[in-house]
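A.B. asks: Here you go, this is upload_6.cif (mmCIF, C-alpha atoms).
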data_run
#
loop_
_atom_site.group_PDB
_atom_site.id
_atom_site.type_symbol
_atom_site.label_atom_id
_atom_site.label_comp_id
_atom_site.auth_asym_id
_atom_site.auth_seq_id
_atom_site.Cartn_x
_atom_site.Cartn_y
_atom_site.Cartn_z
ATOM 1 C CA MET W 1305 -86.054 21.947 -49.857
ATOM 2 C CA ILE W 1306 -85.156 19.337 -52.428
ATOM 3 C CA ASN W 1307 -83.108 21.875 -54.308
ATOM 4 C CA GLN W 1308 -81.363 22.825 -51.129
ATOM 5 C CA SER W 1309 -80.431 19.278 -50.228
ATOM 6 C CA GLU W 1310 -79.388 18.652 -53.825
ATOM 7 C CA SER W 1311 -77.098 21.644 -53.772
ATOM 8 C CA ALA W 1312 -75.890 20.604 -50.325
ATOM 9 C CA LYS W 1313 -75.081 17.198 -51.756
ATOM 10 C CA GLN W 1314 -73.275 18.765 -54.659
ATOM 11 C CA GLY W 1315 -71.487 21.081 -52.276
ATOM 12 C CA TYR W 1316 -70.470 18.127 -50.166
ATOM 13 C CA ALA W 1317 -69.294 16.188 -53.212
ATOM 14 C CA LEU W 1318 -67.260 19.211 -54.213
ATOM 15 C CA LEU W 1319 -65.754 19.440 -50.730
ATOM 16 C CA VAL W 1320 -64.851 15.759 -50.785
ATOM 17 C CA GLU W 1321 -63.312 16.186 -54.207
ATOM 18 C CA GLN W 1322 -61.290 19.162 -53.040
ATOM 19 C CA ALA W 1323 -60.188 17.536 -49.805
ATOM 20 C CA SER W 1324 -59.436 14.016 -51.006
ATOM 21 C CA PRO W 1325 -56.510 14.652 -53.370
ATOM 22 C CA GLY W 1326 -54.664 16.298 -50.502
ATOM 23 C CA SER W 1327 -55.558 13.730 -47.874
ATOM 24 C CA LYS W 1328 -54.877 10.897 -50.328
ATOM 25 C CA LEU W 1329 -51.507 12.506 -50.997
ATOM 26 C CA ALA W 1330 -50.769 12.707 -47.274
ATOM 27 C CA ALA W 1331 -51.931 9.141 -46.615
ATOM 28 C CA ASN W 1332 -49.856 7.776 -49.507
ATOM 29 C CA SER W 1333 -46.803 9.696 -48.316
ATOM 30 C CA LEU W 1334 -47.247 8.516 -44.739
ATOM 31 C CA ARG W 1335 -47.486 4.870 -45.817
ATOM 32 C CA ALA W 1336 -44.474 5.267 -48.124
ATOM 33 C CA PHE W 1337 -42.566 6.851 -45.233
ATOM 34 C CA PHE W 1338 -43.275 4.072 -42.733
ATOM 35 C CA VAL W 1339 -42.713 1.138 -45.058
ATOM 36 C CA GLY W 1340 -39.653 2.673 -46.769
ATOM 37 C CA GLY W 1341 -38.222 3.753 -43.423
ATOM 38 C CA THR W 1342 -38.790 0.296 -41.946
ATOM 39 C CA ILE W 1343 -37.027 -1.429 -44.859
ATOM 40 C CA CYS W 1344 -34.041 0.887 -44.397
ATOM 41 C CA ALA W 1345 -34.037 0.327 -40.628
ATOM 42 C CA VAL W 1346 -34.046 -3.445 -41.192
ATOM 43 C CA GLY W 1347 -31.088 -2.955 -43.554
ATOM 44 C CA GLN W 1348 -29.302 -0.979 -40.829
ATOM 45 C CA ILE W 1349 -29.971 -3.754 -38.284
ATOM 46 C CA PHE W 1350 -28.420 -6.327 -40.660
ATOM 47 C CA LYS W 1351 -25.471 -4.017 -41.280
ATOM 48 C CA ASN W 1352 -24.894 -3.465 -37.550
ATOM 49 C CA ALA W 1353 -24.977 -7.224 -36.952
ATOM 50 C CA LEU W 1354 -22.464 -7.822 -39.774
ATOM 51 C CA LEU W 1355 -20.165 -5.080 -38.448
ATOM 52 C CA ALA W 1356 -20.403 -6.721 -35.018
ATOM 53 C CA VAL W 1357 -19.056 -9.999 -36.408
ATOM 54 C CA GLY W 1358 -16.057 -8.143 -37.830
ATOM 55 C CA MET W 1359 -16.962 -7.269 -41.425
ATOM 56 C CA THR W 1360 -15.602 -4.091 -43.020
ATOM 57 C CA GLN W 1361 -17.994 -1.192 -43.677
ATOM 58 C CA ASP W 1362 -18.120 -1.860 -47.425
ATOM 59 C CA ASN W 1363 -18.657 -5.604 -47.064
ATOM 60 C CA ALA W 1364 -21.283 -5.161 -44.358
ATOM 61 C CA SER W 1365 -23.206 -2.694 -46.586
ATOM 62 C CA LEU W 1366 -23.040 -5.054 -49.562
ATOM 63 C CA VAL W 1367 -24.056 -8.172 -47.635
ATOM 64 C CA ALA W 1368 -26.888 -6.314 -45.862
ATOM 65 C CA ALA W 1369 -28.153 -5.162 -49.280
ATOM 66 C CA CYS W 1370 -27.884 -8.729 -50.607
ATOM 67 C CA ILE W 1371 -29.922 -10.077 -47.672
ATOM 68 C CA LEU W 1372 -32.626 -7.486 -48.394
ATOM 69 C CA ILE W 1373 -32.539 -8.474 -52.081
ATOM 70 C CA VAL W 1374 -32.965 -12.189 -51.267
ATOM 71 C CA LEU W 1375 -35.793 -11.457 -48.805
ATOM 72 C CA ALA W 1376 -37.547 -9.289 -51.417
ATOM 73 C CA VAL W 1377 -37.277 -12.066 -54.019
ATOM 74 C CA LEU W 1378 -38.727 -14.582 -51.524
ATOM 75 C CA LEU W 1379 -41.624 -12.207 -50.748
ATOM 76 C CA THR W 1380 -42.150 -11.789 -54.509
ATOM 77 C CA VAL W 1381 -42.310 -15.571 -54.984
ATOM 78 C CA VAL W 1382 -45.019 -15.982 -52.337
ATOM 79 C CA GLY W 1383 -46.919 -12.971 -53.719
ATOM 80 C CA LEU W 1384 -46.514 -10.769 -50.660
ATOM 81 C CA TYR W 1385 -44.355 -8.058 -52.231
ATOM 82 C CA SER W 1386 -47.070 -6.964 -54.647
ATOM 83 C CA LYS W 1387 -49.480 -6.822 -51.691
ATOM 84 C CA LEU W 1388 -46.990 -4.675 -49.796
ATOM 85 C CA GLY W 1389 -46.692 -2.471 -52.886
ATOM 86 C CA LYS W 1390 -50.432 -1.795 -52.916
ATOM 87 C CA ILE W 1391 -50.144 -0.414 -49.383
ATOM 88 C CA ALA W 1392 -46.722 1.195 -49.502
ATOM 89 C CA GLY W 1393 -46.468 2.639 -53.031
ATOM 90 C CA ALA W 1394 -43.036 4.197 -53.397
ATOM 91 C CA GLY W 1395 -42.126 2.874 -49.935
ATOM 92 C CA SER W 1396 -41.665 -0.534 -51.523
ATOM 93 C CA ILE W 1397 -40.455 0.687 -54.951
ATOM 94 C CA VAL W 1398 -37.604 3.033 -54.004
ATOM 95 C CA PRO W 1399 -35.570 0.755 -51.659
ATOM 96 C CA ILE W 1400 -33.218 -1.863 -53.144
ATOM 97 C CA THR W 1401 -35.943 -4.434 -52.343
ATOM 98 C CA GLY W 1402 -38.062 -2.759 -55.031
ATOM 99 C CA PHE W 1403 -35.205 -3.208 -57.513
ATOM 100 C CA ALA W 1404 -35.040 -6.914 -56.591
ATOM 101 C CA ASN W 1405 -38.810 -7.205 -56.995
ATOM 102 C CA ALA W 1406 -38.568 -5.436 -60.371
ATOM 103 C CA ILE W 1407 -36.174 -8.205 -61.492
ATOM 104 C CA ALA W 1408 -37.926 -11.243 -59.955
ATOM 105 C CA SER W 1409 -41.482 -10.263 -60.787
ATOM 106 C CA PRO W 1410 -41.177 -10.017 -64.622
ATOM 107 C CA ALA W 1411 -38.806 -13.008 -64.597
ATOM 108 C CA ILE W 1412 -41.651 -15.045 -63.082
ATOM 109 C CA GLU W 1413 -44.435 -13.514 -65.191
ATOM 110 C CA TYR W 1414 -42.683 -13.918 -68.547
ATOM 111 C CA LYS W 1415 -41.508 -17.474 -67.860
ATOM 112 C CA LYS W 1416 -44.223 -18.583 -70.318
ATOM 113 C CA GLU W 1417 -42.283 -16.858 -73.119
ATOM 114 C CA GLY W 1418 -39.302 -19.106 -72.502
ATOM 115 C CA LEU W 1419 -36.117 -19.151 -70.451
ATOM 116 C CA VAL W 1420 -34.121 -16.991 -72.863
ATOM 117 C CA LEU W 1421 -36.374 -14.263 -74.285
ATOM 118 C CA GLY W 1422 -38.877 -14.633 -71.441
ATOM 119 C CA VAL W 1423 -36.987 -14.935 -68.158
ATOM 120 C CA GLY W 1424 -33.594 -13.817 -69.476
ATOM 121 C CA ALA W 1425 -34.757 -10.702 -71.292
ATOM 122 C CA LYS W 1426 -37.837 -9.544 -69.362
ATOM 123 C CA MET W 1427 -35.937 -9.707 -66.081
ATOM 124 C CA PHE W 1428 -34.413 -6.377 -67.152
ATOM 125 C CA LEU W 1429 -37.677 -4.652 -68.067
ATOM 126 C CA ILE W 1430 -37.166 -2.115 -65.252
ATOM 127 C CA ALA W 1431 -33.730 -3.095 -63.926
ATOM 128 C CA GLY W 1432 -32.258 -2.643 -67.437
ATOM 129 C CA PRO W 1433 -32.971 1.086 -67.696
ATOM 130 C CA VAL W 1434 -31.734 1.544 -64.113
ATOM 131 C CA ILE W 1435 -28.437 -0.183 -64.973
ATOM 132 C CA VAL W 1436 -28.098 1.653 -68.318
ATOM 133 C CA TYR W 1437 -28.610 5.118 -66.847
ATOM 134 C CA GLY W 1438 -26.594 4.208 -63.759
ATOM 135 C CA ALA W 1439 -23.686 3.196 -66.010
ATOM 136 C CA MET W 1440 -24.021 6.406 -68.052
ATOM 137 C CA ALA W 1441 -24.027 8.555 -64.912
ATOM 138 C CA SER W 1442 -21.058 6.670 -63.438
ATOM 139 C CA VAL W 1443 -19.011 7.204 -66.623
ATOM 140 C CA LEU W 1444 -19.853 10.910 -66.544
ATOM 141 C CA VAL W 1445 -18.805 11.115 -62.883
ATOM 142 C CA GLY W 1446 -15.647 9.128 -63.664
ATOM 143 C CA ILE W 1447 -14.587 11.402 -66.537
ATOM 144 C CA VAL W 1448 -15.217 14.598 -64.582
ATOM 145 C CA TYR W 1449 -13.430 13.144 -61.538
ATOM 146 C CA TYR W 1450 -10.432 12.100 -63.688
ATOM 147 C CA PHE W 1451 -9.886 15.636 -64.949
ATOM 148 C CA LEU W 1452 -10.752 17.521 -61.767
ATOM 149 C CA ARG W 1453 -9.225 15.398 -59.016
ATOM 150 C CA MET P 28 -28.788 6.471 -33.301
ATOM 151 C CA THR P 29 -27.929 5.621 -36.903
ATOM 152 C CA LEU P 30 -30.871 3.205 -36.798
ATOM 153 C CA LEU P 31 -33.341 6.025 -36.112
ATOM 154 C CA TRP P 32 -31.828 8.229 -38.816
ATOM 155 C CA ALA P 33 -31.865 5.291 -41.224
ATOM 156 C CA PHE P 34 -35.613 5.001 -40.644
ATOM 157 C CA ILE P 35 -36.260 8.745 -40.997
ATOM 158 C CA ILE P 36 -34.008 9.511 -43.980
ATOM 159 C CA GLY P 37 -34.926 6.265 -45.768
ATOM 160 C CA GLY P 38 -38.598 7.034 -45.197
ATOM 161 C CA LEU P 39 -38.218 10.598 -46.465
ATOM 162 C CA ILE P 40 -36.474 9.482 -49.673
ATOM 163 C CA CYS P 41 -39.431 7.159 -50.297
ATOM 164 C CA VAL P 42 -41.837 10.063 -49.658
ATOM 165 C CA VAL P 43 -40.047 12.041 -52.389
ATOM 166 C CA GLY P 44 -40.667 9.086 -54.715
ATOM 167 C CA GLN P 45 -44.316 8.872 -53.650
ATOM 168 C CA LEU P 46 -44.853 12.599 -54.267
ATOM 169 C CA LEU P 47 -43.268 12.257 -57.711
ATOM 170 C CA ILE P 48 -45.693 9.395 -58.476
ATOM 171 C CA ASP P 49 -48.743 11.269 -57.175
ATOM 172 C CA LEU P 50 -47.969 14.781 -58.414
ATOM 173 C CA THR P 51 -46.273 14.123 -61.756
ATOM 174 C CA LYS P 52 -46.883 11.709 -64.578
ATOM 175 C CA LEU P 53 -43.574 9.938 -63.944
ATOM 176 C CA THR P 54 -43.901 6.146 -63.916
ATOM 177 C CA PRO P 55 -42.162 4.150 -61.159
ATOM 178 C CA ALA P 56 -39.522 2.980 -63.688
ATOM 179 C CA ARG P 57 -38.673 6.592 -64.580
ATOM 180 C CA ILE P 58 -38.466 7.498 -60.901
ATOM 181 C CA LEU P 59 -36.036 4.642 -60.250
ATOM 182 C CA VAL P 60 -33.874 5.813 -63.171
ATOM 183 C CA LEU P 61 -34.062 9.400 -61.930
ATOM 184 C CA PHE P 62 -33.112 8.344 -58.380
ATOM 185 C CA VAL P 63 -30.105 6.292 -59.468
ATOM 186 C CA VAL P 64 -28.786 9.081 -61.703
ATOM 187 C CA ALA P 65 -29.449 11.709 -59.009
ATOM 188 C CA GLY P 66 -27.696 9.592 -56.360
ATOM 189 C CA CYS P 67 -24.719 9.057 -58.658
ATOM 190 C CA LEU P 68 -24.343 12.759 -59.506
ATOM 191 C CA LEU P 69 -24.888 13.925 -55.902
ATOM 192 C CA SER P 70 -22.277 11.407 -54.814
ATOM 193 C CA GLY P 71 -19.989 12.602 -57.604
ATOM 194 C CA ILE P 72 -19.921 16.090 -56.111
ATOM 195 C CA GLY P 73 -19.457 14.622 -52.629
ATOM 196 C CA TRP P 74 -22.834 15.475 -51.093
ATOM 197 C CA TYR P 75 -24.341 12.011 -50.841
ATOM 198 C CA GLN P 76 -21.472 10.633 -48.746
ATOM 199 C CA ARG P 77 -22.451 13.064 -45.981
ATOM 200 C CA LEU P 78 -25.966 11.630 -45.973
ATOM 201 C CA VAL P 79 -24.521 8.100 -45.823
ATOM 202 C CA ASP P 80 -22.232 9.020 -42.895
ATOM 203 C CA PHE P 81 -25.245 10.328 -41.087
ATOM 204 C CA ALA P 82 -28.088 7.944 -42.011
ATOM 205 C CA GLY P 83 -26.263 4.721 -42.951
ATOM 206 C CA ALA P 84 -28.678 2.259 -44.560
ATOM 207 C CA GLY P 85 -31.285 5.040 -44.756
ATOM 208 C CA ALA P 86 -29.170 6.541 -47.537
ATOM 209 C CA LEU P 87 -27.704 3.289 -48.931
ATOM 210 C CA VAL P 88 -30.827 1.114 -49.232
ATOM 211 C CA PRO P 89 -32.987 3.476 -51.360
ATOM 212 C CA LEU P 90 -32.106 3.624 -55.064
ATOM 213 C CA PRO P 91 -30.076 6.879 -54.827
ATOM 214 C CA GLY P 92 -27.757 4.756 -52.664
ATOM 215 C CA PHE P 93 -27.260 2.471 -55.668
ATOM 216 C CA GLY P 94 -26.163 5.543 -57.638
ATOM 217 C CA HIS P 95 -23.841 6.467 -54.770
ATOM 218 C CA ILE P 96 -22.241 3.009 -54.889
ATOM 219 C CA LEU P 97 -21.640 3.519 -58.640
ATOM 220 C CA ALA P 98 -20.033 6.928 -58.097
ATOM 221 C CA THR P 99 -17.777 5.823 -55.228
ATOM 222 C CA GLY P 100 -16.810 2.745 -57.266
ATOM 223 C CA VAL P 101 -15.853 4.765 -60.328
ATOM 224 C CA LYS P 102 -13.848 7.277 -58.272
ATOM 225 C CA LYS P 103 -11.945 4.475 -56.539
ATOM 226 C CA ALA P 104 -11.241 2.809 -59.893
ATOM 227 C CA VAL P 105 -10.030 6.104 -61.429
ATOM 228 C CA ASP P 106 -7.686 6.557 -58.454
ATOM 229 C CA GLU P 107 -6.270 3.071 -59.041
ATOM 230 C CA ARG P 108 -6.268 2.788 -62.849
ATOM 231 C CA GLY P 109 -6.734 6.273 -64.303
ATOM 232 C CA LEU P 110 -9.019 6.546 -67.355
ATOM 233 C CA ILE P 111 -9.475 2.747 -67.488
ATOM 234 C CA GLY P 112 -11.268 3.104 -64.168
ATOM 235 C CA VAL P 113 -13.952 5.214 -65.883
ATOM 236 C CA ILE P 114 -15.147 2.146 -67.799
ATOM 237 C CA THR P 115 -14.672 -0.445 -65.034
ATOM 238 C CA GLY P 116 -15.606 1.335 -61.804
ATOM 239 C CA GLY P 117 -19.393 1.511 -62.111
ATOM 240 C CA PHE P 118 -20.022 -2.098 -63.075
ATOM 241 C CA THR P 119 -17.443 -3.388 -60.599
ATOM 242 C CA ALA P 120 -19.222 -1.537 -57.802
ATOM 243 C CA MET P 121 -22.698 -2.779 -58.704
ATOM 244 C CA ALA P 122 -21.600 -6.338 -59.512
ATOM 245 C CA GLY P 123 -22.438 -7.880 -56.131
ATOM 246 C CA GLY P 124 -25.973 -6.569 -55.722
ATOM 247 C CA VAL P 125 -26.937 -7.034 -59.376
ATOM 248 C CA THR P 126 -25.548 -10.590 -59.480
ATOM 249 C CA VAL P 127 -27.488 -11.605 -56.370
ATOM 250 C CA ALA P 128 -30.673 -10.062 -57.790
ATOM 251 C CA ILE P 129 -30.186 -11.857 -61.138
ATOM 252 C CA VAL P 130 -29.361 -15.248 -59.590
ATOM 253 C CA PHE P 131 -32.241 -15.213 -57.112
ATOM 254 C CA GLY P 132 -34.619 -13.645 -59.639
ATOM 255 C CA TYR P 133 -33.761 -16.445 -62.053
ATOM 256 C CA LEU P 134 -34.194 -19.163 -59.402
ATOM 257 C CA ALA P 135 -37.503 -17.532 -58.420
ATOM 258 C CA ALA P 136 -38.694 -17.796 -62.030
ATOM 259 C CA LEU P 137 -37.698 -21.474 -62.145
ATOM 260 C CA VAL P 138 -39.679 -22.423 -59.043
ATOM 261 C CA SER P 139 -42.713 -20.148 -59.556
ATOM 262 C CA LYS P 140 -45.775 -20.185 -61.735
ATOM 263 C CA PRO P 141 -46.875 -16.909 -63.348
ATOM 264 C CA SER P 142 -49.763 -15.480 -61.330
ATOM 265 C CA GLY P 143 -51.024 -13.001 -63.924
ATOM 266 C CA ASP P 144 -50.222 -10.438 -61.249
ATOM 267 C CA THR P 145 -47.960 -8.297 -63.419
ATOM 268 C CA PRO P 146 -45.484 -5.944 -61.741
#
What does this structure look like when you write it as structure tokens?

C.D. replies:
Amino acid sequence: MINQSESAKQGYALLVEQASPGSKLAANSLRAFFVGGTICAVGQIFKNALLAVGMTQDNASLVAACILIVLAVLLTVVGLYSKLGKIAGAGSIVPITGFANAIASPAIEYKKEGLVLGVGAKMFLIAGPVIVYGAMASVLVGIVYYFLR
Amino acid sequence: MTLLWAFIIGGLICVVGQLLIDLTKLTPARILVLFVVAGCLLSGIGWYQRLVDFAGAGALVPLPGFGHILATGVKKAVDERGLIGVITGGFTAMAGGVTVAIVFGYLAALVSKPSGDTP
């Protein structure tokens, strides 16, 4: 009887173990989807409003992105963006707001190391690689485009 | 209608990022790098623009959209200035967003106290 319940327990633990990676995966994805989707929808709402007041497509896209960046920095300052990140995972990392948070957050944390090598340098802890590889990719695209256009 | 597609496509791009975090050993920083490079190359061959036409901010706000901005910027600069455009286009295109992020990130650091809550 004891053995049975023990093995049942173990069996249950095994079932939980087998089921949870999948359900955790689904739950994480769902949260990333809703938060990421919402951030993009908010960006679209800003863009629509800017187009409505007569901005060009390019300017409206840029200004909408800048508003999202400023909002993300403000949320980082009050500590809400890291809370959002715990819920949303990639949903808060992948949008441009995550890039803004990746700049503001180390800038704040490394302030104690000074304004130059603390704030000035650590600001690019994550944004730096993004800019470096973005620049590399853009040069590659530019060269190929120059010869193939 | 673009609003709905912005939500769906933007959400789906984030799900791809989440799956990469959960299923591979890629760190968030590596995923951001991967997304920017992927967006830039996909835009280079003309595919990403179609997603932008269709999903608006859903394609522009996630990091591949940043790569797309770089690629469209470099193409425009090459059209205007030839090979010189190769070295000016990318940074010119990202200047606005990056400058705003730097300025506000810097101001944020000035007014905030470190929380010990590392990124």

A.B. asks: Which is closest to chain P among W:Ile1343, W:Ala1356, W:Ile1412, W:Leu1379, if we use all atoms listed in the file?

C.D. replies: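 Counting all atoms listed in the file, the residue closest to chain P is W:Ile1412.
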
A.B. asks: At a cut-off of 12 Å, using all atoms listed in the file, what residues contact Leu1384 in chain W? Leave out same-chain residues fewer than 4 positions from it and give the result as a list in words.

C.D. replies: Leu1375, Ala1376, Val1377, Leu1378, Leu1379, Thr1380, Leu1388, Gly1389, Lys1390, Ile1391, Ser1396, Asn1405 and Ser1409 of chain W; Asp144 of chain P

A.B. asks: Would you write out, as a PyMOL selection string, every residue that the PyMOL selection byres ((chain W) within 6 of (chain P)) captures in this file?

C.D. replies: chain W and resi 1333+1336-1337+1340-1342+1344-1345+1347-1348+1370+1394-1395+1398-1400+1404+1407-1409+1411-1413+1430+1434+1438+1441-1443+1445-1446

A.B. asks: Please indicate the distance in Å from CA of Ile1373 in chain W to CA of Phe1403 in chain W, rounded to one decimal place.

C.D. replies: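 So the two atoms, CA of Ile1373 in chain W and CA of Phe1403 in chain W, lie 8.0 Å apart.
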
A.B. asks: Could you tell me how far CA of Lys1415 in chain W lies from CA of Ile1435 in chain W, in Å and to one decimal?

C.D. replies: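 One can read the CA of Lys1415 in chain W to CA of Ile1435 in chain W distance as 21.9 Å.
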
A.B. asks: Report, in Å to a single decimal, how far apart CA of Lys52 in chain P and CA of Lys1387 in chain W are.

C.D. replies: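 Spanning CA of Lys1387 in chain W to CA of Lys52 in chain P is a straight-line distance of 22.7 Å.
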
A.B. asks: Suppose a student applies the PyMOL selection byres ((chain W and resi 1363) around 12) to this structure; what residues should they get, written as a ChimeraX atom specification?

C.D. replies: /W:1350-1352,1354-1355,1357-1362,1364-1370 /P:120,123-124

A.B. asks: Set up a box along x, y and z of the file covering all listed atoms of range 72-77 of chain P, add 6 Å on every one of the six sides, and write the centre and edge lengths in Å to one decimal, as AutoDock Vina command-line options.

C.D. replies:
--center_x -21.9 --center_y 13.4 --center_z -51.0 --size_x 16.9 --size_y 17.5 --size_z 22.1
